[in-house]
Protein chains: 2
Amino acid sequence: MTKARVLVIEDEEALRLALVDALRSEGFDVLEAADGERGLELALSEAPELVLLDLMLPKRDGFSVLRAIREDRLQSAVIVLSARGEEWDRIQGFEFGADDYVVKPFSTRELFGRMRAVLQRIEGKAPGLPAEAGKIPIGEFVVDFSAYTVERKGVRAGLSRKELELLRFLLDHEGQVLDRMRIQDAVWGRGNESTPRTVDMHVLKLRRKLEREPEHPRHILTVHGVGYRFSRTGEDARRS
Amino acid sequence: MTKARVLVIEDEEALRLALVDALRSEGFDVLEAADGERGLELALSEAPELVLLDLMLPKRDGFSVLRAIREDRLQSAVIVLSARGEEWDRIQGFEFGADDYVVKPFSTRELFGRMRAVLQRIEGKAPGLPAEAGKIPIGEFVVDFSAYTVERKGVRAGLSRKELELLRFLLDHEGQVLDRMRIQDAVWGRGNESTPRTVDMHVLKLRRKLEREPEHPRHILTVHGVGYRFSRTGEDARRS
DNA sequence: GCACGTTTGTCACCGGGTTGTCAACGCCGC
DNA sequence: GCGGCGTTGACAACCCGGTGACAAACGTGC
């Protein structure tokens with residue numbers, strides 16, 4: 001990929017500048033806008049590969065901008081940057097069409113990780129289609145992120161929001177061992193007070209839905225004393 | 001990499017001293033600074049692996065220090081220590097650019113957890129994509145440190161935490177003859193009470209996982225009466 | 001080469017910590 | 001109020017690290 005174009009729509013000066021700097025130094029071609037109106041204008045006229053969109057914006061809020069972008073059948077991927085707050089619920093599960101979202105405050109590492117994942121996902125996608133998360137095969141299962149379902153040989157199961165978010169995080173970090181804290185931070189948000197064991201519970205639920213033999217998982221693997229590791233293709237859980 | 005260098009930039013005396021103590025006793029090589037100017041100076045001249053950076057600092061605030069560090073293309077990871085409170089909103093922008101951040105007050109446990117995570121991520125982070133990070137060939141095996149696995153001809157085996165730590169140590173000291181005490185100090189921690197024979201046990205386990213013929217080891221070699229020696233390329237353990 | 005003492009390899013097992021699983025609870029939307 | 005979901009606590013199942021015992025390998029002195 002040669003120099004993807006990224007549009008940053010963010011009103012807070014300090015953050016926008018920091019973002020633009022960081023992106024430029026990563027080799028992106030960067031456009032910027034400080035309000036929703038200008039942002040939409042640029043998005044439509046320049047059709048960047050990726051839009052980083054703040055939700056609370058002057059003139060035209062992020063939701064409205066996103067809707068307009070989607071209505072225009074623009075191919076741009078959109079990553080929403082949001083402060084945790086009342087709009088949080090509406091964001092969860094990106095029911096409203098974003099490809100991903102990042103909660104402020106976030107680190108460069110996290111943002112770049114998500115950007116990479118999103119850009120990779122839309123790469124090789126049929127042109128003209130909106131850049132929705134789409135269907136992803138996992139072993140003999142197919143997960144449909146926009147429909148919240150998993151399917152295997154015609155049998156379909158629904159996924160809850162948390163399950164989907166957890167799965168998405170695992171997918172984005174396939175192959176790495178992720179400790180509970182890391183998972184919790186990413187999926188539940190930082191400063192979350194709940195037990196690390198909650199993660200286990202959701203892993204259990206996911207296993208029931210996308211493992212052929214939930215008691216012998218091939219995709220969501222346990223690394224004793226450390227955390228979990230995800231494998232898309234599936235692995236033999238062998239004894240040591 | 002044993003003994004990572006950490007720079008603490010924190011003006012509050014009590015906290016800084018506590019941090020420095022705790023870090024030293026964890027085996028880190030610690031540098032400290034009480035204001036932003038001095039901190040930046042040290043960061044640039046010493047290029048530590050990790051910087052712990054307070055945001056509210058005399059002379060030069062944390063944000064400015066962070067930017068300067070980044071502009072200098074320094075490889076150091078930065079963890080921001082911030083107080084939640086009146087400046088939270090401002091901080092949200094400032095957090096950006098850090099590898100991670102910890103909200104005051106924090107426990108040493110939490111801080112160490114994040115440090116470990118960050119350092120692990122940094123480790124072997126070649127200037128490419130992090131996809132291949134942490135994969136190291138050993139003979140015809142490939143060890144993936146971020147996945148806790150060893151693979152040989154498509155056959156994968158999981159490594160436990162201790163096994164991985166031991167292997168990491170051996171790898172870091174390839175070619176040297178290491179006596180049991182040295183290994184034990186490094187992997188199990190100084191002042192550990194367990195039998196030196198425990199080392200043997202784990203060597204045995206490692207051999208089973210990354211030797212083609214565990215009974216004729218080519219990588220983890222015994223030096224009778226002394227200890228063990230590790231070889232990445234593999235040696236014929238044939239007598240002469 | 002042999003015998004013996006020492007060092008290392010290997011096994012089975014135990015104890016404690018970690019994870020899997022269930023049932024129950026509270027919350028929210030309907 | 002009902003049902004789904006997220007979360008928690010409790011308990012069982014499991015895994016891993018560590019230990020002691022014994023066999024095998026090694027090295028030394030004869």
# chains A, B, ... in the order shown; residues from 1 in each chain; ligands from 1
$ interface_residues --of "chain A" --to "chain B" --cutoff "7 Å" --atoms "only C-alpha atoms" --output "PyMOL selection string"
chain A and resi 14-15+104-109+175-177
$ interface_residues --of "chain A" --to "chain D" --cutoff "10 Å" --atoms "only C-alpha atoms (C1' of nucleotides)" --output "tab-separated table (two decimals) with all heavy atoms, in the first residue's frame"
chain	number	residue	atom	x	y	z
A	160	SER	N	-23.59	-11.92	21.15
A	160	SER	CA	-23.93	-10.68	21.85
A	160	SER	C	-22.85	-9.64	21.56
A	160	SER	O	-21.82	-9.94	20.99
A	160	SER	CB	-24.03	-10.93	23.35
A	160	SER	OG	-22.73	-11.06	23.88
A	161	ARG	N	-23.11	-8.43	21.99
A	161	ARG	CA	-22.15	-7.36	21.77
A	161	ARG	C	-20.78	-7.64	22.35
A	161	ARG	O	-19.78	-7.52	21.68
A	161	ARG	CB	-22.67	-6.09	22.42
A	161	ARG	CG	-23.24	-5.14	21.45
A	161	ARG	CD	-23.71	-3.97	22.24
A	161	ARG	NE	-25.14	-3.97	22.11
A	161	ARG	CZ	-25.84	-2.84	22.05
A	161	ARG	NH1	-25.25	-1.69	22.19
A	161	ARG	NH2	-27.13	-2.88	21.88
A	162	LYS	N	-20.78	-8.00	23.61
A	162	LYS	CA	-19.51	-8.26	24.27
A	162	LYS	C	-18.78	-9.41	23.60
A	162	LYS	O	-17.57	-9.38	23.42
A	162	LYS	CB	-19.73	-8.58	25.75
A	162	LYS	CG	-19.74	-7.37	26.65
A	162	LYS	CD	-18.32	-6.92	26.98
A	162	LYS	CE	-18.27	-5.71	27.87
A	162	LYS	NZ	-19.01	-4.54	27.38
A	194	SER	N	-14.32	-4.52	36.99
A	194	SER	CA	-14.78	-5.91	37.12
A	194	SER	C	-13.62	-6.91	37.20
A	194	SER	O	-12.50	-6.64	36.82
A	194	SER	CB	-15.70	-6.27	35.97
A	194	SER	OG	-15.06	-6.07	34.73
A	195	THR	N	-13.95	-8.06	37.70
A	195	THR	CA	-12.99	-9.15	37.88
A	195	THR	C	-12.37	-9.55	36.56
A	195	THR	O	-13.05	-9.56	35.54
A	195	THR	CB	-13.73	-10.39	38.42
A	195	THR	OG1	-14.57	-9.99	39.46
A	195	THR	CG2	-12.74	-11.43	38.90
A	197	ARG	N	-11.82	-12.36	35.87
A	197	ARG	CA	-12.49	-13.62	35.56
A	197	ARG	C	-13.65	-13.45	34.60
A	197	ARG	O	-14.09	-14.39	33.95
A	197	ARG	CB	-12.97	-14.30	36.84
A	197	ARG	CG	-11.86	-14.71	37.79
A	197	ARG	CD	-10.82	-15.55	37.09
A	197	ARG	NE	-11.41	-16.66	36.35
A	197	ARG	CZ	-11.86	-17.76	36.92
A	197	ARG	NH1	-11.77	-17.93	38.21
A	197	ARG	NH2	-12.38	-18.71	36.19
A	198	THR	N	-14.15	-12.25	34.53
A	198	THR	CA	-15.24	-11.98	33.59
A	198	THR	C	-14.78	-12.33	32.17
A	198	THR	O	-15.56	-12.83	31.37
A	198	THR	CB	-15.64	-10.50	33.64
A	198	THR	OG1	-16.03	-10.18	34.97
A	198	THR	CG2	-16.79	-10.23	32.70
A	201	MET	N	-15.29	-15.93	31.48
A	201	MET	CA	-16.69	-16.24	31.22
A	201	MET	C	-17.01	-16.02	29.75
A	201	MET	O	-17.64	-16.86	29.10
A	201	MET	CB	-17.55	-15.33	32.09
A	201	MET	CG	-19.00	-15.67	32.08
A	201	MET	SD	-19.34	-17.23	32.90
A	201	MET	CE	-20.02	-18.17	31.57
A	202	HIS	N	-16.57	-14.91	29.24
A	202	HIS	CA	-16.88	-14.61	27.85
A	202	HIS	C	-16.12	-15.49	26.88
A	202	HIS	O	-16.62	-15.84	25.82
A	202	HIS	CB	-16.64	-13.13	27.57
A	202	HIS	CG	-17.70	-12.27	28.15
A	202	HIS	ND1	-18.82	-11.90	27.46
A	202	HIS	CD2	-17.84	-11.75	29.39
A	202	HIS	CE1	-19.61	-11.19	28.25
A	202	HIS	NE2	-19.03	-11.06	29.42
A	224	HIS	N	-1.80	-21.30	30.05
A	224	HIS	CA	-1.92	-21.35	31.50
A	224	HIS	C	-1.00	-20.35	32.19
A	224	HIS	O	0.18	-20.28	31.91
A	224	HIS	CB	-1.60	-22.76	31.98
A	224	HIS	CG	-2.05	-23.02	33.38
A	224	HIS	ND1	-3.24	-23.63	33.67
A	224	HIS	CD2	-1.48	-22.72	34.56
A	224	HIS	CE1	-3.37	-23.72	34.97
A	224	HIS	NE2	-2.32	-23.17	35.54
A	225	GLY	N	-1.58	-19.59	33.09
A	225	GLY	CA	-0.78	-18.64	33.86
A	225	GLY	C	-0.49	-17.35	33.11
A	225	GLY	O	0.15	-16.46	33.64
$ closest_residue --among "B:Ile220, B:Ala83, B:Leu66, B:Leu166" --to "B:Ile138" --atoms "only C-alpha atoms"
B:Ile220
$ interface_residues --of "chain C" --to "chain B" --cutoff "8 Å" --atoms "only C-alpha atoms (C1' of nucleotides)" --output "PDB file with all heavy atoms, in the first residue's frame"
ATOM      1  P    DT C   7      29.139 -33.629  42.599  1.00  0.00           P
ATOM      2  OP1  DT C   7      29.979 -32.416  42.596  1.00  0.00           O
ATOM      3  OP2  DT C   7      28.117 -33.864  43.637  1.00  0.00           O
ATOM      4  O5'  DT C   7      28.413 -33.725  41.179  1.00  0.00           O
ATOM      5  C5'  DT C   7      29.204 -33.781  39.993  1.00  0.00           C
ATOM      6  C4'  DT C   7      28.313 -34.125  38.826  1.00  0.00           C
ATOM      7  O4'  DT C   7      27.820 -35.474  38.971  1.00  0.00           O
ATOM      8  C3'  DT C   7      27.073 -33.235  38.698  1.00  0.00           C
ATOM      9  O3'  DT C   7      27.058 -32.699  37.381  1.00  0.00           O
ATOM     10  C2'  DT C   7      25.900 -34.160  38.963  1.00  0.00           C
ATOM     11  C1'  DT C   7      26.469 -35.514  38.573  1.00  0.00           C
ATOM     12  N1   DT C   7      25.860 -36.688  39.245  1.00  0.00           N
ATOM     13  C2   DT C   7      25.336 -37.686  38.459  1.00  0.00           C
ATOM     14  O2   DT C   7      25.329 -37.652  37.251  1.00  0.00           O
ATOM     15  N3   DT C   7      24.804 -38.743  39.172  1.00  0.00           N
ATOM     16  C4   DT C   7      24.757 -38.899  40.539  1.00  0.00           C
ATOM     17  O4   DT C   7      24.268 -39.901  41.056  1.00  0.00           O
ATOM     18  C5   DT C   7      25.326 -37.813  41.292  1.00  0.00           C
ATOM     19  C7   DT C   7      25.326 -37.863  42.799  1.00  0.00           C
ATOM     20  C6   DT C   7      25.840 -36.769  40.615  1.00  0.00           C
ATOM     21  P    DT C   8      25.902 -31.745  36.954  1.00  0.00           P
ATOM     22  OP1  DT C   8      26.486 -30.816  35.968  1.00  0.00           O
ATOM     23  OP2  DT C   8      25.216 -31.250  38.163  1.00  0.00           O
ATOM     24  O5'  DT C   8      24.912 -32.724  36.166  1.00  0.00           O
ATOM     25  C5'  DT C   8      25.372 -33.376  34.991  1.00  0.00           C
ATOM     26  C4'  DT C   8      24.327 -34.331  34.484  1.00  0.00           C
ATOM     27  O4'  DT C   8      24.044 -35.333  35.487  1.00  0.00           O
ATOM     28  C3'  DT C   8      22.972 -33.701  34.129  1.00  0.00           C
ATOM     29  O3'  DT C   8      22.658 -34.088  32.803  1.00  0.00           O
ATOM     30  C2'  DT C   8      22.003 -34.267  35.147  1.00  0.00           C
ATOM     31  C1'  DT C   8      22.657 -35.599  35.488  1.00  0.00           C
ATOM     32  N1   DT C   8      22.332 -36.156  36.826  1.00  0.00           N
ATOM     33  C2   DT C   8      21.783 -37.418  36.903  1.00  0.00           C
ATOM     34  O2   DT C   8      21.520 -38.091  35.926  1.00  0.00           O
ATOM     35  N3   DT C   8      21.545 -37.857  38.179  1.00  0.00           N
ATOM     36  C4   DT C   8      21.805 -37.190  39.363  1.00  0.00           C
ATOM     37  O4   DT C   8      21.554 -37.700  40.439  1.00  0.00           O
ATOM     38  C5   DT C   8      22.380 -35.873  39.209  1.00  0.00           C
ATOM     39  C7   DT C   8      22.690 -35.046  40.425  1.00  0.00           C
ATOM     40  C6   DT C   8      22.615 -35.427  37.962  1.00  0.00           C
ATOM     41  P    DG C   9      21.257 -33.748  32.177  1.00  0.00           P
ATOM     42  OP1  DG C   9      21.467 -33.491  30.743  1.00  0.00           O
ATOM     43  OP2  DG C   9      20.576 -32.755  33.032  1.00  0.00           O
ATOM     44  O5'  DG C   9      20.496 -35.141  32.330  1.00  0.00           O
ATOM     45  C5'  DG C   9      20.920 -36.248  31.539  1.00  0.00           C
ATOM     46  C4'  DG C   9      19.853 -37.336  31.538  1.00  0.00           C
ATOM     47  O4'  DG C   9      19.709 -37.834  32.898  1.00  0.00           O
ATOM     48  C3'  DG C   9      18.459 -36.869  31.113  1.00  0.00           C
ATOM     49  O3'  DG C   9      17.892 -37.893  30.285  1.00  0.00           O
ATOM     50  C2'  DG C   9      17.694 -36.700  32.412  1.00  0.00           C
ATOM     51  C1'  DG C   9      18.358 -37.721  33.330  1.00  0.00           C
ATOM     52  N9   DG C   9      18.418 -37.334  34.735  1.00  0.00           N
ATOM     53  C8   DG C   9      18.916 -36.164  35.260  1.00  0.00           C
ATOM     54  N7   DG C   9      18.872 -36.119  36.558  1.00  0.00           N
ATOM     55  C5   DG C   9      18.312 -37.340  36.927  1.00  0.00           C
ATOM     56  C6   DG C   9      18.016 -37.864  38.219  1.00  0.00           C
ATOM     57  O6   DG C   9      18.200 -37.342  39.314  1.00  0.00           O
ATOM     58  N1   DG C   9      17.446 -39.143  38.133  1.00  0.00           N
ATOM     59  C2   DG C   9      17.215 -39.816  36.961  1.00  0.00           C
ATOM     60  N2   DG C   9      16.669 -41.028  37.070  1.00  0.00           N
ATOM     61  N3   DG C   9      17.489 -39.335  35.753  1.00  0.00           N
ATOM     62  C4   DG C   9      18.029 -38.098  35.815  1.00  0.00           C
TER      63       DG C   9
END
$ atom_distance --atom1 "atom CA of A:Leu119" --atom2 "atom CA of A:Leu19"
17.3 Å
$ calpha_fit_rmsd --fixed "chain B" --moving "chain A"
10.5 Å
$ residues_around --residues "A:Leu178" --least-positions-apart "3" --cutoff "7 Å" --atoms "only C-alpha atoms (C1' of nucleotides)" --output "list in words"
Arg182, Ile183, Gly227, Tyr228 and Arg229 of chain A
$ select_by_dssp --residues "stretch 21-231 of chain B" --states "alpha helix (DSSP H)" --output "PyMOL selection string"
chain B and resi 21-25+36-46+62-71+88-95+108-122+161-172+180-188+197-210
$ residues_around --residues "B:Gly36" --least-positions-apart "6" --cutoff "10 Å" --atoms "only C-alpha atoms (C1' of nucleotides)" --output "PyMOL selection string"
chain B and resi 9-11+42+53-66
$ write_last_selection --atoms "N, CA and C atoms" --output "short mmCIF file (atom, residue, chain, number, x, y, z; two decimals), in the first residue's frame"
data_model
loop_
_atom_site.label_atom_id
_atom_site.label_comp_id
_atom_site.auth_asym_id
_atom_site.auth_seq_id
_atom_site.Cartn_x
_atom_site.Cartn_y
_atom_site.Cartn_z
N ILE B 9 10.77 10.24 35.36
CA ILE B 9 10.69 11.70 35.39
C ILE B 9 9.46 12.08 36.20
N GLU B 10 9.71 12.53 37.39
CA GLU B 10 8.62 12.78 38.34
C GLU B 10 9.11 13.78 39.36
N ASP B 11 8.36 14.86 39.56
CA ASP B 11 8.86 15.89 40.46
C ASP B 11 8.53 15.61 41.92
N LEU B 42 18.28 13.60 29.94
CA LEU B 42 18.66 12.21 30.22
C LEU B 42 18.09 11.25 29.19
N LEU B 53 6.87 8.86 32.71
CA LEU B 53 6.80 10.31 32.59
C LEU B 53 5.58 10.89 33.27
N ASP B 54 5.83 11.74 34.23
CA ASP B 54 4.74 12.48 34.85
C ASP B 54 4.37 13.61 33.91
N LEU B 55 3.14 14.07 33.99
CA LEU B 55 2.76 15.14 33.05
C LEU B 55 2.96 16.53 33.63
N MET B 56 2.63 16.68 34.89
CA MET B 56 2.82 18.01 35.47
C MET B 56 4.20 18.11 36.08
N LEU B 57 5.05 18.83 35.40
CA LEU B 57 6.43 18.90 35.80
C LEU B 57 6.90 20.35 35.80
N PRO B 58 7.84 20.66 36.64
CA PRO B 58 8.42 21.99 36.57
C PRO B 58 9.33 22.13 35.34
N LYS B 59 9.49 23.34 34.87
CA LYS B 59 10.42 23.70 33.79
C LYS B 59 9.94 23.33 32.37
N ARG B 60 9.36 22.14 32.24
CA ARG B 60 8.98 21.70 30.92
C ARG B 60 7.94 20.62 31.17
N ASP B 61 6.75 20.78 30.67
CA ASP B 61 5.75 19.78 31.05
C ASP B 61 5.90 18.48 30.29
N GLY B 62 5.22 17.52 30.76
CA GLY B 62 5.37 16.17 30.22
C GLY B 62 5.05 16.06 28.75
N PHE B 63 4.05 16.78 28.34
CA PHE B 63 3.66 16.70 26.94
C PHE B 63 4.80 17.15 26.03
N SER B 64 5.38 18.24 26.45
CA SER B 64 6.50 18.78 25.66
C SER B 64 7.66 17.80 25.63
N VAL B 65 7.92 17.18 26.75
CA VAL B 65 9.00 16.20 26.81
C VAL B 65 8.70 15.03 25.87
N LEU B 66 7.47 14.58 25.92
CA LEU B 66 7.07 13.46 25.09
C LEU B 66 7.26 13.77 23.61
#
$ atom_distance --atom1 "atom CA of B:Arg207" --atom2 "atom CA of A:Glu235"
22.0 Å
$ atom_distance --atom1 "atom CA of B:Phe169" --atom2 "atom CA of B:Ala22"
22.7 Å
$ residues_around --residues "B:Arg190" --least-positions-apart "5" --cutoff "12 Å" --atoms "only C-alpha atoms (C1' of nucleotides)" --output "ChimeraX atom specification"
/B:25-27,181-185
